[in-house]
$ cat start-v4.pdb   # PDB, C-alpha atoms and all ligand atoms
ATOM      1  CA  MET A 278      -6.846 -12.962   5.111
ATOM      2  CA  ARG A 279      -9.171 -11.443   2.540
ATOM      3  CA  ALA A 280     -12.016  -9.186   3.643
ATOM      4  CA  GLN A 281     -14.554  -6.954   1.928
ATOM      5  CA  VAL A 282     -14.014  -3.609   3.648
ATOM      6  CA  LEU A 283     -16.368  -0.632   3.908
ATOM      7  CA  ASP A 284     -14.166   2.482   4.181
ATOM      8  CA  ARG A 285     -17.061   4.928   4.278
ATOM      9  CA  ALA A 286     -20.756   5.017   3.412
ATOM     10  CA  GLY A 287     -21.773   5.476  -0.192
ATOM     11  CA  ILE A 288     -18.868   3.763  -1.940
ATOM     12  CA  PRO A 289     -18.520   0.089  -2.900
ATOM     13  CA  LEU A 290     -16.783  -2.406  -0.613
ATOM     14  CA  ALA A 291     -13.086  -3.002  -1.319
ATOM     15  CA  LEU A 292     -11.677  -6.536  -1.348
ATOM     16  CA  ARG A 293      -8.433  -6.349   0.599
ATOM     17  CA  GLU A 294      -5.772  -8.399   2.377
ATOM     18  CA  VAL A 295      -5.993  -7.551   6.080
ATOM     19  CA  PRO A 296      -4.324  -9.019   9.192
ATOM     20  CA  GLU A 297      -6.033 -12.057  10.756
ATOM     21  CA  PRO A 298      -8.161 -10.963  13.712
ATOM     22  CA  ARG A 299      -6.976 -12.059  17.182
ATOM     23  CA  PRO A 300      -9.534 -13.293  19.723
ATOM     24  CA  GLY A 301      -9.685 -11.230  22.928
ATOM     25  CA  PRO A 302     -10.948 -12.577  26.261
ATOM     26  CA  ASP A 303     -14.287 -14.431  25.877
ATOM     27  CA  GLN A 304     -13.891 -14.401  22.084
ATOM     28  CA  VAL A 305     -13.345 -17.099  19.492
ATOM     29  CA  ARG A 306     -11.682 -16.773  16.099
ATOM     30  CA  VAL A 307     -13.876 -18.314  13.433
ATOM     31  CA  ALA A 308     -13.051 -19.421   9.895
ATOM     32  CA  VAL A 309     -16.060 -18.129   7.957
ATOM     33  CA  SER A 310     -17.621 -20.460   5.427
ATOM     34  CA  ALA A 311     -20.842 -18.555   4.665
ATOM     35  CA  CYS A 312     -22.344 -15.161   5.485
ATOM     36  CA  GLY A 313     -25.868 -14.055   4.651
ATOM     37  CA  VAL A 314     -26.482 -10.707   2.971
ATOM     38  CA  CYS A 315     -29.158  -8.641   4.740
ATOM     39  CA  ARG A 316     -31.041  -5.473   3.854
ATOM     40  CA  THR A 317     -29.470  -3.949   6.974
ATOM     41  CA  ASP A 318     -26.105  -4.224   5.178
ATOM     42  CA  LEU A 319     -27.532  -1.939   2.475
ATOM     43  CA  HIS A 320     -28.698   0.544   5.111
ATOM     44  CA  VAL A 321     -25.143   0.649   6.533
ATOM     45  CA  LEU A 322     -23.614   0.916   3.058
ATOM     46  CA  ASP A 323     -25.973   3.770   2.168
ATOM     47  CA  GLY A 324     -25.312   5.669   5.410
ATOM     48  CA  GLU A 325     -28.902   5.310   6.629
ATOM     49  CA  LEU A 326     -27.518   3.682   9.780
ATOM     50  CA  THR A 327     -25.207   6.443  10.875
ATOM     51  CA  GLU A 328     -22.835   5.007  13.483
ATOM     52  CA  PRO A 329     -20.822   2.180  11.952
ATOM     53  CA  LYS A 330     -17.307   1.365  13.071
ATOM     54  CA  LEU A 331     -15.058   2.402  10.141
ATOM     55  CA  PRO A 332     -13.425   0.810   8.343
ATOM     56  CA  LEU A 333     -15.918  -2.004   8.755
ATOM     57  CA  VAL A 334     -16.461  -5.579   7.629
ATOM     58  CA  LEU A 335     -20.221  -6.010   7.043
ATOM     59  CA  GLY A 336     -22.206  -9.192   7.615
ATOM     60  CA  HIS A 337     -24.147 -10.538  10.595
ATOM     61  CA  GLN A 338     -25.413 -13.959   9.498
ATOM     62  CA  ILE A 339     -22.150 -15.832   9.816
ATOM     63  CA  VAL A 340     -21.585 -19.578   9.730
ATOM     64  CA  GLY A 341     -18.102 -20.879  10.377
ATOM     65  CA  THR A 342     -15.826 -23.099  12.423
ATOM     66  CA  VAL A 343     -14.023 -22.171  15.632
ATOM     67  CA  VAL A 344     -10.266 -22.169  14.983
ATOM     68  CA  GLU A 345      -8.955 -20.487  18.153
ATOM     69  CA  ARG A 346     -10.262 -19.681  21.620
ATOM     70  CA  GLY A 347      -9.432 -16.541  23.594
ATOM     71  CA  ALA A 348      -8.901 -16.455  27.352
ATOM     72  CA  GLY A 349     -11.821 -17.697  29.412
ATOM     73  CA  VAL A 350     -13.735 -19.481  26.630
ATOM     74  CA  SER A 351     -14.990 -22.903  27.675
ATOM     75  CA  SER A 352     -18.436 -23.069  26.028
ATOM     76  CA  LEU A 353     -17.114 -23.711  22.505
ATOM     77  CA  ALA A 354     -14.472 -26.114  21.249
ATOM     78  CA  VAL A 355     -11.997 -25.719  18.400
ATOM     79  CA  GLY A 356     -13.566 -27.355  15.336
ATOM     80  CA  GLU A 357     -17.155 -26.632  16.400
ATOM     81  CA  ARG A 358     -19.582 -25.119  13.872
ATOM     82  CA  VAL A 359     -21.205 -21.903  15.092
ATOM     83  CA  GLY A 360     -23.600 -19.201  13.954
ATOM     84  CA  ILE A 361     -22.791 -15.567  14.716
ATOM     85  CA  PRO A 362     -25.800 -13.207  14.742
ATOM     86  CA  TRP A 363     -26.359  -9.426  14.787
ATOM     87  CA  LEU A 364     -26.323  -9.125  18.597
ATOM     88  CA  GLY A 365     -22.610  -9.279  19.348
ATOM     89  CA  TRP A 366     -22.287  -8.065  22.919
ATOM     90  CA  THR A 367     -24.333  -6.491  25.721
ATOM     91  CA  ASP A 368     -23.311  -5.089  29.117
ATOM     92  CA  GLY A 369     -25.464  -7.562  31.057
ATOM     93  CA  THR A 370     -26.000  -5.028  33.829
ATOM     94  CA  CYS A 371     -28.542  -2.435  32.631
ATOM     95  CA  ALA A 372     -32.270  -2.533  33.379
ATOM     96  CA  HIS A 373     -33.022  -3.951  29.905
ATOM     97  CA  CYS A 374     -30.442  -6.728  30.160
ATOM     98  CA  ARG A 375     -31.606  -7.661  33.640
ATOM     99  CA  SER A 376     -35.254  -7.930  32.530
ATOM    100  CA  GLY A 377     -34.808 -10.299  29.571
ATOM    101  CA  ARG A 378     -34.630  -7.487  27.016
ATOM    102  CA  GLU A 379     -30.964  -7.468  26.071
ATOM    103  CA  ASN A 380     -32.077  -6.583  22.540
ATOM    104  CA  LEU A 381     -32.726  -3.068  23.893
ATOM    105  CA  CYS A 382     -29.392  -2.694  25.738
ATOM    106  CA  GLN A 383     -28.144   0.807  24.991
ATOM    107  CA  ALA A 384     -24.524  -0.341  25.241
ATOM    108  CA  ALA A 385     -25.013  -3.304  22.867
ATOM    109  CA  ARG A 386     -22.547  -3.937  20.057
ATOM    110  CA  PHE A 387     -23.689  -5.308  16.736
ATOM    111  CA  THR A 388     -21.925  -7.659  14.355
ATOM    112  CA  GLY A 389     -21.207  -6.116  10.974
ATOM    113  CA  TYR A 390     -22.040  -2.624  12.258
ATOM    114  CA  THR A 391     -20.206  -1.650  15.437
ATOM    115  CA  LEU A 392     -18.111  -4.862  15.355
ATOM    116  CA  ASP A 393     -16.461  -6.410  12.289
ATOM    117  CA  GLY A 394     -18.632  -9.064  10.668
ATOM    118  CA  GLY A 395     -18.479 -11.936   8.227
ATOM    119  CA  TYR A 396     -17.777 -10.583   4.719
ATOM    120  CA  ALA A 397     -14.296 -12.021   5.269
ATOM    121  CA  GLU A 398     -12.396 -15.292   5.509
ATOM    122  CA  GLN A 399     -12.197 -15.004   9.308
ATOM    123  CA  THR A 400     -13.803 -13.077  12.121
ATOM    124  CA  VAL A 401     -13.838 -12.965  15.906
ATOM    125  CA  ALA A 402     -16.956 -13.090  18.079
ATOM    126  CA  ASP A 403     -17.841 -13.270  21.755
ATOM    127  CA  ALA A 404     -18.455 -16.979  22.392
ATOM    128  CA  ARG A 405     -21.407 -16.213  24.672
ATOM    129  CA  TYR A 406     -23.350 -14.712  21.743
ATOM    130  CA  CYS A 407     -22.708 -17.515  19.229
ATOM    131  CA  PHE A 408     -25.363 -20.138  18.515
ATOM    132  CA  PRO A 409     -25.132 -23.850  17.791
ATOM    133  CA  LEU A 410     -26.798 -24.519  14.409
ATOM    134  CA  PRO A 411     -29.349 -27.149  13.360
ATOM    135  CA  PRO A 412     -27.413 -30.125  11.956
ATOM    136  CA  GLY A 413     -29.790 -30.664   9.016
ATOM    137  CA  LEU A 414     -28.684 -27.563   7.103
ATOM    138  CA  ASP A 415     -25.395 -26.972   5.318
ATOM    139  CA  ASP A 416     -23.515 -23.724   5.914
ATOM    140  CA  VAL A 417     -25.017 -21.626   3.112
ATOM    141  CA  HIS A 418     -28.555 -22.712   3.988
ATOM    142  CA  ALA A 419     -28.033 -22.141   7.717
ATOM    143  CA  ALA A 420     -26.728 -18.568   7.317
ATOM    144  CA  PRO A 421     -30.072 -16.852   6.529
ATOM    145  CA  LEU A 422     -31.619 -18.301   9.693
ATOM    146  CA  LEU A 423     -29.393 -16.048  11.785
ATOM    147  CA  CYS A 424     -31.063 -12.733  10.970
ATOM    148  CA  ALA A 425     -33.734 -13.155   8.297
ATOM    149  CA  GLY A 426     -35.076 -16.129  10.254
ATOM    150  CA  LEU A 427     -34.377 -15.104  13.794
ATOM    151  CA  ILE A 428     -35.364 -11.437  13.817
ATOM    152  CA  GLY A 429     -38.273 -12.342  11.557
ATOM    153  CA  TYR A 430     -39.341 -14.851  14.188
ATOM    154  CA  ARG A 431     -39.180 -12.187  16.885
ATOM    155  CA  ALA A 432     -41.451 -10.015  14.702
ATOM    156  CA  LEU A 433     -43.832 -12.953  14.281
ATOM    157  CA  ARG A 434     -43.967 -13.462  18.031
ATOM    158  CA  LEU A 435     -44.762  -9.772  18.587
ATOM    159  CA  ALA A 436     -47.566 -10.021  16.010
ATOM    160  CA  GLY A 437     -49.433 -12.335  18.411
ATOM    161  CA  GLU A 438     -51.620 -15.318  17.579
ATOM    162  CA  ALA A 439     -53.163 -13.726  14.461
ATOM    163  CA  PRO A 440     -54.852 -16.524  12.465
ATOM    164  CA  ARG A 441     -54.734 -14.288   9.351
ATOM    165  CA  ILE A 442     -51.368 -12.629   8.903
ATOM    166  CA  GLY A 443     -49.971 -10.422   6.140
ATOM    167  CA  PHE A 444     -46.321 -10.056   5.084
ATOM    168  CA  TYR A 445     -45.368  -6.823   3.290
ATOM    169  CA  GLY A 446     -42.236  -7.636   1.297
ATOM    170  CA  PHE A 447     -41.560 -11.283   0.479
ATOM    171  CA  GLY A 448     -37.781 -11.583   0.659
ATOM    172  CA  ALA A 449     -35.255 -13.418   2.800
ATOM    173  CA  SER A 450     -37.151 -13.091   6.058
ATOM    174  CA  ALA A 451     -40.720 -13.554   4.818
ATOM    175  CA  HIS A 452     -40.024 -16.678   2.775
ATOM    176  CA  LEU A 453     -38.549 -18.380   5.873
ATOM    177  CA  LEU A 454     -41.302 -17.219   8.222
ATOM    178  CA  ALA A 455     -43.912 -18.383   5.711
ATOM    179  CA  GLN A 456     -42.899 -21.952   6.525
ATOM    180  CA  VAL A 457     -43.441 -21.309  10.242
ATOM    181  CA  VAL A 458     -46.811 -19.601   9.740
ATOM    182  CA  VAL A 459     -48.104 -22.364   7.475
ATOM    183  CA  ALA A 460     -46.921 -25.059   9.912
ATOM    184  CA  GLN A 461     -48.836 -23.248  12.650
ATOM    185  CA  GLY A 462     -52.017 -23.523  10.571
ATOM    186  CA  ARG A 463     -52.416 -19.815   9.949
ATOM    187  CA  GLU A 464     -53.461 -18.118   6.702
ATOM    188  CA  LEU A 465     -50.697 -16.106   5.063
ATOM    189  CA  PHE A 466     -51.318 -13.111   2.792
ATOM    190  CA  ALA A 467     -48.256 -11.894   0.871
ATOM    191  CA  PHE A 468     -47.740  -8.401  -0.533
ATOM    192  CA  THR A 469     -44.945  -7.695  -3.008
ATOM    193  CA  ARG A 470     -44.034  -4.713  -5.174
ATOM    194  CA  ASP A 471     -46.993  -3.987  -7.451
ATOM    195  CA  GLY A 472     -46.739  -6.030 -10.630
ATOM    196  CA  ASP A 473     -44.116  -8.446  -9.257
ATOM    197  CA  VAL A 474     -45.920 -11.556 -10.508
ATOM    198  CA  HIS A 475     -42.761 -13.629 -10.088
ATOM    199  CA  GLY A 476     -42.521 -12.681  -6.390
ATOM    200  CA  GLN A 477     -46.233 -13.355  -5.934
ATOM    201  CA  ALA A 478     -45.920 -16.806  -7.495
ATOM    202  CA  PHE A 479     -42.961 -17.503  -5.180
ATOM    203  CA  ALA A 480     -45.092 -16.491  -2.158
ATOM    204  CA  ARG A 481     -47.871 -18.868  -3.236
ATOM    205  CA  GLU A 482     -45.303 -21.657  -3.654
ATOM    206  CA  ARG A 483     -44.245 -20.950  -0.087
ATOM    207  CA  GLY A 484     -47.810 -21.401   1.130
ATOM    208  CA  ALA A 485     -49.484 -17.984   0.908
ATOM    209  CA  VAL A 486     -53.259 -18.356   0.432
ATOM    210  CA  TRP A 487     -53.263 -15.002  -1.353
ATOM    211  CA  ALA A 488     -50.551 -12.873  -2.953
ATOM    212  CA  GLY A 489     -50.832  -9.447  -4.545
ATOM    213  CA  GLY A 490     -49.310  -5.991  -4.881
ATOM    214  CA  SER A 491     -48.815  -3.818  -1.816
ATOM    215  CA  SER A 492     -51.380  -1.262  -3.014
ATOM    216  CA  GLU A 493     -54.057  -3.985  -3.133
ATOM    217  CA  ARG A 494     -56.375  -4.803  -0.248
ATOM    218  CA  PRO A 495     -56.486  -8.430   0.906
ATOM    219  CA  PRO A 496     -59.807 -10.241   0.350
ATOM    220  CA  VAL A 497     -60.427 -10.373   4.130
ATOM    221  CA  PRO A 498     -59.228  -8.142   7.009
ATOM    222  CA  LEU A 499     -55.985  -9.308   8.662
ATOM    223  CA  ASP A 500     -55.337  -9.917  12.359
ATOM    224  CA  ALA A 501     -51.723  -8.792  12.029
ATOM    225  CA  ALA A 502     -49.238  -7.667   9.423
ATOM    226  CA  ILE A 503     -45.445  -7.644   9.422
ATOM    227  CA  VAL A 504     -43.729  -5.029   7.290
ATOM    228  CA  PHE A 505     -40.364  -6.399   6.114
ATOM    229  CA  ALA A 506     -39.757  -3.888   3.315
ATOM    230  CA  SER A 507     -38.467  -0.383   4.033
ATOM    231  CA  PRO A 508     -40.869   2.099   2.332
ATOM    232  CA  GLY A 509     -42.731   3.926   5.141
ATOM    233  CA  GLU A 510     -46.020   4.080   3.211
ATOM    234  CA  LEU A 511     -46.328   0.304   3.625
ATOM    235  CA  VAL A 512     -47.069   0.885   7.315
ATOM    236  CA  VAL A 513     -50.206   2.789   6.339
ATOM    237  CA  ARG A 514     -51.159   0.200   3.691
ATOM    238  CA  ALA A 515     -50.771  -2.544   6.314
ATOM    239  CA  LEU A 516     -52.818  -0.605   8.860
ATOM    240  CA  GLU A 517     -55.646  -0.262   6.311
ATOM    241  CA  ALA A 518     -55.662  -4.045   5.839
ATOM    242  CA  LEU A 519     -56.164  -4.793   9.556
ATOM    243  CA  ALA A 520     -59.263  -5.945  11.395
ATOM    244  CA  PRO A 521     -60.080  -4.108  14.665
ATOM    245  CA  GLY A 522     -57.532  -4.959  17.356
ATOM    246  CA  GLY A 523     -54.881  -5.871  14.777
ATOM    247  CA  THR A 524     -51.176  -5.099  14.962
ATOM    248  CA  VAL A 525     -48.667  -3.871  12.409
ATOM    249  CA  VAL A 526     -45.112  -4.963  13.276
ATOM    250  CA  CYS A 527     -42.266  -3.134  11.524
ATOM    251  CA  ALA A 528     -39.433  -5.644  11.279
ATOM    252  CA  GLY A 529     -36.737  -3.534   9.599
ATOM    253  CA  ILE A 530     -34.019  -1.510  11.290
ATOM    254  CA  HIS A 531     -34.589   1.462   8.986
ATOM    255  CA  MET A 532     -37.634   2.735   7.072
ATOM    256  CA  SER A 533     -38.335   5.842   5.053
ATOM    257  CA  ASP A 534     -40.727   8.319   6.719
ATOM    258  CA  ILE A 535     -44.240   7.083   7.404
ATOM    259  CA  PRO A 536     -46.788   9.403   5.742
ATOM    260  CA  SER A 537     -49.435  10.981   7.997
ATOM    261  CA  PHE A 538     -52.852   9.319   8.062
ATOM    262  CA  PRO A 539     -56.239   9.958   9.684
ATOM    263  CA  TYR A 540     -56.658   8.719  13.241
ATOM    264  CA  GLU A 541     -59.624   6.563  12.233
ATOM    265  CA  LYS A 542     -57.201   4.100  10.585
ATOM    266  CA  LEU A 543     -55.614   3.466  14.003
ATOM    267  CA  TRP A 544     -58.925   3.588  15.889
ATOM    268  CA  GLU A 545     -60.484   0.376  17.310
ATOM    269  CA  GLU A 546     -57.318  -0.666  19.095
ATOM    270  CA  ARG A 547     -55.138  -1.192  16.075
ATOM    271  CA  SER A 548     -51.460  -0.740  16.906
ATOM    272  CA  ILE A 549     -48.131  -0.155  15.208
ATOM    273  CA  ARG A 550     -44.894  -1.328  16.765
ATOM    274  CA  SER A 551     -41.302  -1.985  15.811
ATOM    275  CA  VAL A 552     -39.079  -4.939  16.555
ATOM    276  CA  ALA A 553     -35.462  -4.280  17.468
ATOM    277  CA  ASN A 554     -32.556  -6.712  17.274
ATOM    278  CA  LEU A 555     -32.752 -10.096  18.982
ATOM    279  CA  THR A 556     -32.116 -11.708  22.330
ATOM    280  CA  ARG A 557     -30.132 -14.903  22.749
ATOM    281  CA  GLU A 558     -33.358 -16.411  24.059
ATOM    282  CA  ASP A 559     -34.965 -15.768  20.635
ATOM    283  CA  GLY A 560     -32.182 -17.818  19.045
ATOM    284  CA  ARG A 561     -32.490 -20.641  21.550
ATOM    285  CA  GLU A 562     -36.207 -20.782  20.707
ATOM    286  CA  PHE A 563     -36.142 -20.252  16.941
ATOM    287  CA  LEU A 564     -33.183 -22.369  15.788
ATOM    288  CA  PRO A 565     -34.473 -25.677  17.224
ATOM    289  CA  LEU A 566     -37.988 -24.808  15.993
ATOM    290  CA  ALA A 567     -36.616 -24.167  12.493
ATOM    291  CA  ALA A 568     -34.870 -27.547  12.610
ATOM    292  CA  ARG A 569     -38.031 -29.306  13.782
ATOM    293  CA  LEU A 570     -40.177 -27.714  11.055
ATOM    294  CA  GLY A 571     -37.527 -28.248   8.392
ATOM    295  CA  VAL A 572     -37.381 -24.521   7.616
ATOM    296  CA  ARG A 573     -35.129 -24.200   4.586
ATOM    297  CA  PRO A 574     -34.241 -21.014   2.753
ATOM    298  CA  GLU A 575     -33.940 -20.642  -0.982
ATOM    299  CA  VAL A 576     -30.454 -19.212  -1.459
ATOM    300  CA  THR A 577     -28.545 -17.461  -4.201
ATOM    301  CA  VAL A 578     -24.836 -17.964  -3.548
ATOM    302  CA  PHE A 579     -22.136 -15.437  -4.440
ATOM    303  CA  PRO A 580     -18.384 -15.869  -3.854
ATOM    304  CA  LEU A 581     -16.894 -13.423  -1.311
ATOM    305  CA  GLU A 582     -15.239 -11.519  -4.189
ATOM    306  CA  LYS A 583     -18.687 -10.648  -5.559
ATOM    307  CA  ALA A 584     -20.087  -9.021  -2.392
ATOM    308  CA  ASN A 585     -20.854  -5.766  -4.216
ATOM    309  CA  GLU A 586     -22.768  -7.685  -6.864
ATOM    310  CA  ALA A 587     -24.731  -9.546  -4.163
ATOM    311  CA  LEU A 588     -25.684  -6.239  -2.518
ATOM    312  CA  ARG A 589     -26.700  -4.752  -5.872
ATOM    313  CA  SER A 590     -28.858  -7.790  -6.670
ATOM    314  CA  LEU A 591     -30.567  -7.492  -3.287
ATOM    315  CA  ARG A 592     -31.245  -3.795  -3.834
ATOM    316  CA  GLU A 593     -32.765  -4.478  -7.243
ATOM    317  CA  GLY A 594     -34.771  -7.496  -6.094
ATOM    318  CA  ARG A 595     -33.115  -9.700  -8.738
ATOM    319  CA  PHE A 596     -33.518 -13.006  -6.902
ATOM    320  CA  THR A 597     -36.057 -14.757  -4.692
ATOM    321  CA  GLY A 598     -35.123 -15.918  -1.197
ATOM    322  CA  ALA A 599     -31.828 -14.984   0.434
ATOM    323  CA  ALA A 600     -28.351 -14.079  -0.826
ATOM    324  CA  VAL A 601     -25.354 -15.717   0.818
ATOM    325  CA  LEU A 602     -21.620 -15.104   0.385
ATOM    326  CA  THR A 603     -19.323 -18.054   0.558
ATOM    327  CA  THR A 604     -15.568 -18.348   0.960
ATOM    328  CA  ARG A 605     -15.603 -21.832  -0.549
ATOM    329  CA  GLU A 606     -16.088 -22.935  -4.135
TER
HETATM  330 ZN    ZN B 701     -27.596  -3.833  28.872
HETATM  331 ZN    ZN B 702     -30.037  -8.654   9.217
END

$ encode --input "start-v4.pdb" --output "structure tokens" --more "lines below"
Ligand SMILES: [Zn+2]
Ligand SMILES: [Zn+2]
Amino acid sequence: MRAQVLDRAGIPLALREVPEPRPGPDQVRVAVSACGVCRTDLHVLDGELTEPKLPLVLGHQIVGTVVERGAGVSSLAVGERVGIPWLGWTDGTCAHCRSGRENLCQAARFTGYTLDGGYAEQTVADARYCFPLPPGLDDVHAAPLLCAGLIGYRALRLAGEAPRIGFYGFGASAHLLAQVVVAQGRELFAFTRDGDVHGQAFARERGAVWAGGSSERPPVPLDAAIVFASPGELVVRALEALAPGGTVVCAGIHMSDIPSFPYEKLWEERSIRSVANLTREDGREFLPLAARLGVRPEVTVFPLEKANEALRSLREGRFTGAAVLTTRE
């Protein structure tokens, strides 16, 4: 089969013929039809996430069809459509796993990072970590729900009720979560790169009541803000935009250093927290909700052969919405 292979950080992916993967116990072999491209993939490519399996197939927003079952798999049938997310395996026995926080399992394995992912024609995944997908979305439109949507939703949940919420960075995750926030009757404030009028117009189309540059202050104080983009200074900008008691949630897996700031910005019970990974429970909650609300990403589709171009376009912010690789024409 063909796969886009990362041999080491800092060099482009190489399109290569590799042996078909074999499903081990509890695993299924999946014919990949679409795989979302995530900013995390750039962090792995750039060596900012330092412990990838190498060589590695990137990609953790995989939609495909089960073509073979390994020993012990009964939950999925051959021919079934599945979604494969970032959380690929946990030990199930540690204190985090046993308290509903498998996202924090220290032994966890991650798709497209410590396990091979979906920038390929086929992959294998543990059946217990695969999700059924909402029937209303085709494969390329379902793919971004699996990380941009799902981990974004976890960040939204950690932001609390927050009637006025700000999104810093309006990319794959934010444009999906905007639909959820608007459906919940909240006011959304969107912050893009300064001067990105195109991105700001896109945010307004997606229901933001206000959109501006990240160095601007919103017209009213916010109850919560989610930082989707990776520059650390955005954490301080977001903190400055908060009302007393507000929360900044950092949704990315990697950020540049956060500059120091005076304590008075944090004073009055403002807080800063991160969100890490996902639990299967998050998926069981978000995917049906997304279907019910009709959450639909705007996608830019690239063929598998153009994975490097897709990553470059993401880095340069050359499209709105989410990028998705497809193995089909
Ligand atoms: Zn565990
Ligand atoms: Zn991701």

$ closest_atom_pairs --input "start-v4.pdb" --of "region 418-444 of chain A" --to "region 508-521 of chain A" --cutoff "12 Å" --atoms "all atoms listed in the file" --output "JSON lines"
{"residue": "A:Ala436", "atom": "CA", "partner": "A:Leu519", "partner_atom": "CA", "distance": 12.0}
{"residue": "A:Ala439", "atom": "CA", "partner": "A:Ala520", "partner_atom": "CA", "distance": 10.4}
{"residue": "A:Pro440", "atom": "CA", "partner": "A:Ala520", "partner_atom": "CA", "distance": 11.5}
{"residue": "A:Arg441", "atom": "CA", "partner": "A:Leu519", "partner_atom": "CA", "distance": 9.6}
{"residue": "A:Ile442", "atom": "CA", "partner": "A:Leu519", "partner_atom": "CA", "distance": 9.2}
{"residue": "A:Gly443", "atom": "CA", "partner": "A:Ala515", "partner_atom": "CA", "distance": 7.9}
{"residue": "A:Phe444", "atom": "CA", "partner": "A:Ala515", "partner_atom": "CA", "distance": 8.8}

$ write_last_selection --input "start-v4.pdb" --atoms "C-alpha atoms" --output "short mmCIF file (atom, residue, chain, number, x, y, z; two decimals), in the coordinates of the input"
data_model
loop_
_atom_site.label_atom_id
_atom_site.label_comp_id
_atom_site.auth_asym_id
_atom_site.auth_seq_id
_atom_site.Cartn_x
_atom_site.Cartn_y
_atom_site.Cartn_z
CA ALA A 436 -47.57 -10.02 16.01
CA ALA A 439 -53.16 -13.73 14.46
CA PRO A 440 -54.85 -16.52 12.46
CA ARG A 441 -54.73 -14.29 9.35
CA ILE A 442 -51.37 -12.63 8.90
CA GLY A 443 -49.97 -10.42 6.14
CA PHE A 444 -46.32 -10.06 5.08
#

$ closest_residue --input "start-v4.pdb" --among "A:Trp363, A:Gly336, A:Gly369, A:Ser310" --to "ligand ZN 701 (chain B)" --atoms "only C-alpha atoms and all ligand atoms"
A:Gly369

$ closest_residue --input "start-v4.pdb" --among "A:His531, A:Arg494, A:Arg293, A:Arg358" --to "ligand ZN 702 (chain B)" --atoms "all atoms listed in the file"
A:His531

$ closest_atom_pairs --input "start-v4.pdb" --of "chain A" --to "ligand ZN 701 (chain B)" --cutoff "7 Å" --atoms "only C-alpha atoms and all ligand atoms" --output "CSV"
residue,atom,partner,partner_atom,distance
A:Thr367,CA,B:ZN701,ZN,5.3
A:Asp368,CA,B:ZN701,ZN,4.5
A:Gly369,CA,B:ZN701,ZN,4.8
A:Thr370,CA,B:ZN701,ZN,5.3
A:Cys371,CA,B:ZN701,ZN,4.1
A:Ala372,CA,B:ZN701,ZN,6.6
A:His373,CA,B:ZN701,ZN,5.5
A:Cys374,CA,B:ZN701,ZN,4.3
A:Glu379,CA,B:ZN701,ZN,5.7
A:Cys382,CA,B:ZN701,ZN,3.8
A:Gln383,CA,B:ZN701,ZN,6.1
A:Ala384,CA,B:ZN701,ZN,5.9
A:Ala385,CA,B:ZN701,ZN,6.6

$ resolve_selection --input "start-v4.pdb" --expression "the PyMOL selection byres (((not hetatm)) within 7 of (chain B and resi 702))" --output "VMD selection string"
chain A and resid 315 to 317 337 363 424 to 425

$ residues_around --input "start-v4.pdb" --residues "region 340-354 of chain A" --least-positions-apart "4" --cutoff "7 Å" --atoms "all atoms listed in the file" --output "VMD selection string"
chain A and resid 300 to 312 358 to 361 404 416 420

$ resolve_selection --input "start-v4.pdb" --expression "the PyMOL selection byres (((chain A and resi 591-606) around 9) and not hetatm)" --output "ChimeraX atom specification"
/A:309-316,319,338,396-398,416-418,420-421,425,447-453,475-476,479,574-584,586-590

$ residues_around --input "start-v4.pdb" --residues "Val486 (chain A)" --least-positions-apart "4" --cutoff "7 Å" --atoms "only C-alpha atoms" --output "list in words"
Glu464, Leu465, Phe466 and Arg481 of chain A

$ write_last_selection --input "start-v4.pdb" --atoms "C-alpha atoms" --output "PDB file, keeping the file's coordinate frame"
ATOM      1  CA  GLU A 464     -53.461 -18.118   6.702  1.00  0.00           C
ATOM      2  CA  LEU A 465     -50.697 -16.106   5.063  1.00  0.00           C
ATOM      3  CA  PHE A 466     -51.318 -13.111   2.792  1.00  0.00           C
ATOM      4  CA  ARG A 481     -47.871 -18.868  -3.236  1.00  0.00           C
TER       5      ARG A 481
END

$ closest_residue --input "start-v4.pdb" --among "A:Ala460, A:Leu414, A:Ala286, A:Leu381" --to "Thr327 (chain A)" --atoms "all atoms listed in the file"
A:Ala286

$ atom_distance --input "start-v4.pdb" --atom1 "CA of Ala432 (chain A)" --atom2 "CA of Tyr390 (chain A)"
20.9 Å

$ resolve_selection --input "start-v4.pdb" --expression "the PyMOL selection byres (((chain A and resi 410) around 7) and not hetatm)" --output "mmCIF file with C-alpha atoms, in the coordinates of the input"
data_model
loop_
_atom_site.group_PDB
_atom_site.id
_atom_site.type_symbol
_atom_site.label_atom_id
_atom_site.label_comp_id
_atom_site.auth_asym_id
_atom_site.auth_seq_id
_atom_site.Cartn_x
_atom_site.Cartn_y
_atom_site.Cartn_z
ATOM 1 C CA VAL A 359 -21.205 -21.903 15.092
ATOM 2 C CA GLY A 360 -23.600 -19.201 13.954
ATOM 3 C CA PHE A 408 -25.363 -20.138 18.515
ATOM 4 C CA PRO A 409 -25.132 -23.850 17.791
ATOM 5 C CA PRO A 411 -29.349 -27.149 13.360
ATOM 6 C CA PRO A 412 -27.413 -30.125 11.956
ATOM 7 C CA LEU A 564 -33.183 -22.369 15.788
#

$ atom_distance --input "start-v4.pdb" --atom1 "CA of Asp559 (chain A)" --atom2 "CA of Cys407 (chain A)"
12.5 Å

$ closest_residue --input "start-v4.pdb" --among "A:Pro332, A:Gly426, A:Gly523, A:Gly356" --to "Val572 (chain A)" --atoms "all atoms listed in the file"
A:Gly426

$ axis_aligned_box --input "start-v4.pdb" --around "region 448-466 of chain A" --padding-each-side "5 Å" --output "lines of an AutoDock Vina configuration file"
center_x = -44.4
center_y = -18.3
center_z = 6.7
size_x = 28.2
size_y = 23.5
size_z = 22.0

$ atom_distance --input "start-v4.pdb" --atom1 "CA of Asn380 (chain A)" --atom2 "CA of Arg557 (chain A)"
8.5 Å
